[in-house]
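Quick notes on the structure that follows.
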Amino acid sequence: MSTKTAQLGAWVALAALGAMAAAVGMRPIEDGDLFWNLAIGRWLLTHHTLLPSVDPFTYNAISAPVQHEWLSQVALAALADVGGLTTLRLLSGAWCALVAAVAFLALRRRGAGDCAAILGACLWWVLATPHAVLRPHLLAWLPAWVTIGWLLGDVRPKRVLAGFAVVSLWGNLHGSVLLAPAWCAAMLPTAALIARRTGRPMAPAAKPWAIHLSWTSAAMLLQPAGWSLVPYALSTPAVNKALSNEWWPLLRGDVWAARPLVIVAWGTVALATMIALFGAARAPIWPPRAPGPLLAAGATLHAALTRRMTAFMMLPLLWLLDRLASRETTSRHRQWVSLAGAALCLVAIFPETHGWRRPAPLRPGAFPVVATAFVSKAKLSGRPLNPDGWGGYLSWHLGENTKTFADGRWPLVGQTVIANGVAMLARQRDPAPLMAKYQIDWLIQPRGLYLQVPPPNPARWVLAWQDAQTVVLLRRGPAFAKNVANVCRLYASQPSLRHAASWPMRARGPQGVAVPTDVPSILTLCKEPS
């Protein structure tokens, strides 16, 4: 393979990676965390200030919200209000394609040739694709690549000023800005240690990273959370890991079963790291002046053994490729291996592009679209019990006047609240004491889950709405009379909706057996029951 042919292959592969990254970014929205970010962003735009110490969207908050991604939330909310969710999908696809291109260019700048750079970018995308969802961390990928891939390592004043601006922006987009000073702090002793062992002066080796540590730390602080971002970032994984498999270790059996090629990609990076560390003595591919691969090995093991959610932050690992491919311009064999590896990565990414052509912005069945419209029209008041994955969607549509039980901000409400919410929705044991504790007034729940768990007490609940996806019940509590009056008024004004207040015959159970459909219809309480 000639050099020109290899370069052409690398650019073709880059175009394919960009197209696939765009398709991944344009997948229908199914992640509920987007919507509480949109709700917060809209609140910030409306009130022209940061969130108050008492969270306006959930009634179970146990602390003040840590506002480390306000700029992302404002940007996403502004785009959604102007162009709708379809515009967000399109821009998400364009953003992912841009990140893929910047990853390739950053690796080239670090010294990798075209073929090695495209292999590195493709490997990173295999690891990052499961987390390429439209949320603030997606916006942080670009400044992360620019900072770590382009700006660190050069202490010229212009480069430091540019880096300060980029890291300041990064810090207001997402809390992953902690990666910048953390990387510099890790490079500082590593560079000094390597210099000492090779007989070189330690101070000149450590000085650039001390400078980088100072300005990245200062830039990181230019966001509302300040230093409190550090303890928040350290405490968050404990809550998230207990509730979501995204925060479980990468090296688990379920990852191998669901995404085997992610494990293959991780293994490839780990193998390359070991080669970089223990390369042939005659032509070392890791010279003392480049301690990056040592930290890459540590970062790789940390992500694999602790939590898979950090896989998208593993971009420093690919620094080792600038050593693996330092002589690739004279090695056709390495070019061929790099392009073949990139092709395999593209094959791994391709299944993740499904659904990008679907016109509807939301994945069908992911959110209670029709039921939320009913709740809004009926003006239900009081405290709802909702799945935390739907909390953000309810907040985005219903506004701050309806505080939800919980949303995707698990550290804000705590692990106990989430566990109690699951227990009430699954009606484990007797949920009545928990219902009373949280003063629940109404419930919104996926229909499939509602029909599969033990029935609620029909003396305490009435059916207000049911459709193919969702069930809405009213609980006899402080807001019961008001909610019944509002719902009855809605059905009186729109008789065509009354069918949704009764269980269909096919959903009813046999007589004498307690089933979820025993909950009576609200129409029996209206002035003109049917």
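Chain identifiers are assigned as A, B, and so on, following the order in which chains appear in the structure tokens; residues are numbered from 1 within each chain, and ligands are numbered from 1 in order of appearance.
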
Spatial neighbours of stretch 424-430 of chain A, max dist 12 Å, only C-alpha atoms, sep filter under 6 positions, as a ChimeraX atom specification: /A:384-388,405,417-418,436-438,440,442-457,471,473,516

Go ahead and save the picked residues with C-alpha atoms, as a PDB file, in the first residue's frame.
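What follows is the written file selection34.pdb:
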```
ATOM      1  CA  PRO A 384     -47.197  13.370  41.933  1.00  0.00           C
ATOM      2  CA  LEU A 385     -45.504   9.990  42.161  1.00  0.00           C
ATOM      3  CA  ASN A 386     -43.607   9.474  38.934  1.00  0.00           C
ATOM      4  CA  PRO A 387     -40.755   7.309  37.626  1.00  0.00           C
ATOM      5  CA  ASP A 388     -37.574   9.341  37.941  1.00  0.00           C
ATOM      6  CA  PHE A 405     -41.206  13.202  42.978  1.00  0.00           C
ATOM      7  CA  VAL A 417     -35.962   8.660  47.796  1.00  0.00           C
ATOM      8  CA  ILE A 418     -35.260   6.811  44.548  1.00  0.00           C
ATOM      9  CA  ALA A 436     -48.623   9.053  53.369  1.00  0.00           C
ATOM     10  CA  LYS A 437     -45.038  10.029  54.183  1.00  0.00           C
ATOM     11  CA  TYR A 438     -44.532  11.698  50.798  1.00  0.00           C
ATOM     12  CA  ILE A 440     -48.775  11.652  47.219  1.00  0.00           C
ATOM     13  CA  TRP A 442     -51.609  11.518  42.037  1.00  0.00           C
ATOM     14  CA  LEU A 443     -49.641   8.858  40.206  1.00  0.00           C
ATOM     15  CA  ILE A 444     -48.353   8.599  36.647  1.00  0.00           C
ATOM     16  CA  GLN A 445     -46.853   5.270  35.614  1.00  0.00           C
ATOM     17  CA  PRO A 446     -46.117   3.201  32.497  1.00  0.00           C
ATOM     18  CA  ARG A 447     -49.188   1.105  31.766  1.00  0.00           C
ATOM     19  CA  GLY A 448     -47.208  -2.095  31.290  1.00  0.00           C
ATOM     20  CA  LEU A 449     -45.603  -1.801  34.722  1.00  0.00           C
ATOM     21  CA  TYR A 450     -48.884  -0.803  36.368  1.00  0.00           C
ATOM     22  CA  LEU A 451     -50.668  -3.922  35.084  1.00  0.00           C
ATOM     23  CA  GLN A 452     -47.839  -6.252  36.099  1.00  0.00           C
ATOM     24  CA  VAL A 453     -47.487  -5.336  39.783  1.00  0.00           C
ATOM     25  CA  PRO A 454     -49.943  -5.821  42.673  1.00  0.00           C
ATOM     26  CA  PRO A 455     -53.015  -3.569  42.490  1.00  0.00           C
ATOM     27  CA  PRO A 456     -53.333  -0.420  44.610  1.00  0.00           C
ATOM     28  CA  ASN A 457     -56.102  -0.128  47.184  1.00  0.00           C
ATOM     29  CA  VAL A 471     -51.873   5.280  33.601  1.00  0.00           C
ATOM     30  CA  LEU A 473     -54.508   7.722  39.118  1.00  0.00           C
ATOM     31  CA  PRO A 516     -54.995  -3.337  39.000  1.00  0.00           C
TER      32      PRO A 516
END
```

Distance in Å - atom CA of A:Thr268 versus atom CA of A:Leu119: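 It comes out at 10.9 Å.
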
Nearby residues (only C-alpha atoms) at most 9 Å from A:Pro364, same-chain spacing under 2 positions excluded, as a count of residues only: 6

Sorted per-residue table, stretch 51-100 of chain A near stretch 175-187 of chain A, closest atoms and distance, 9 Å, only C-alpha atoms, as JSON lines:
```
{"residue": "A:Gln67", "atom": "CA", "partner": "A:Gly175", "partner_atom": "CA", "distance": 9.0}
{"residue": "A:His68", "atom": "CA", "partner": "A:Gly175", "partner_atom": "CA", "distance": 5.4}
{"residue": "A:Glu69", "atom": "CA", "partner": "A:Gly175", "partner_atom": "CA", "distance": 6.6}
```

With 7 Å as the cut-off and only C-alpha atoms counted, what is the closest atom pair between each nearby residue of stretch 29-125 of chain A and stretch 336-348 of chain A? Distances in Å to one decimal, ordered by chain and number, as CSV.
```
residue,atom,partner,partner_atom,distance
A:Cys115,CA,A:Ser338,CA,5.5
A:Ala116,CA,A:Ser338,CA,5.6
A:Ile118,CA,A:Ala342,CA,6.5
A:Leu119,CA,A:Ala342,CA,4.6
A:Cys122,CA,A:Cys345,CA,5.7
A:Leu123,CA,A:Cys345,CA,6.2
```

Include C-alpha atoms and write out the residues we just selected as a JSON list (two decimals), in the first residue's frame.
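For reference, part_5.json as written:
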```json
[["chain", "number", "residue", "atom", "x", "y", "z"],
["A", 115, "CYS", "CA", -3.79, 6.13, 9.61],
["A", 116, "ALA", "CA", -2.97, 5.96, 13.31],
["A", 118, "ILE", "CA", -8.14, 7.64, 12.34],
["A", 119, "LEU", "CA", -7.65, 4.38, 14.23],
["A", 122, "CYS", "CA", -12.49, 5.29, 15.77],
["A", 123, "LEU", "CA", -11.40, 3.42, 18.89]]
```
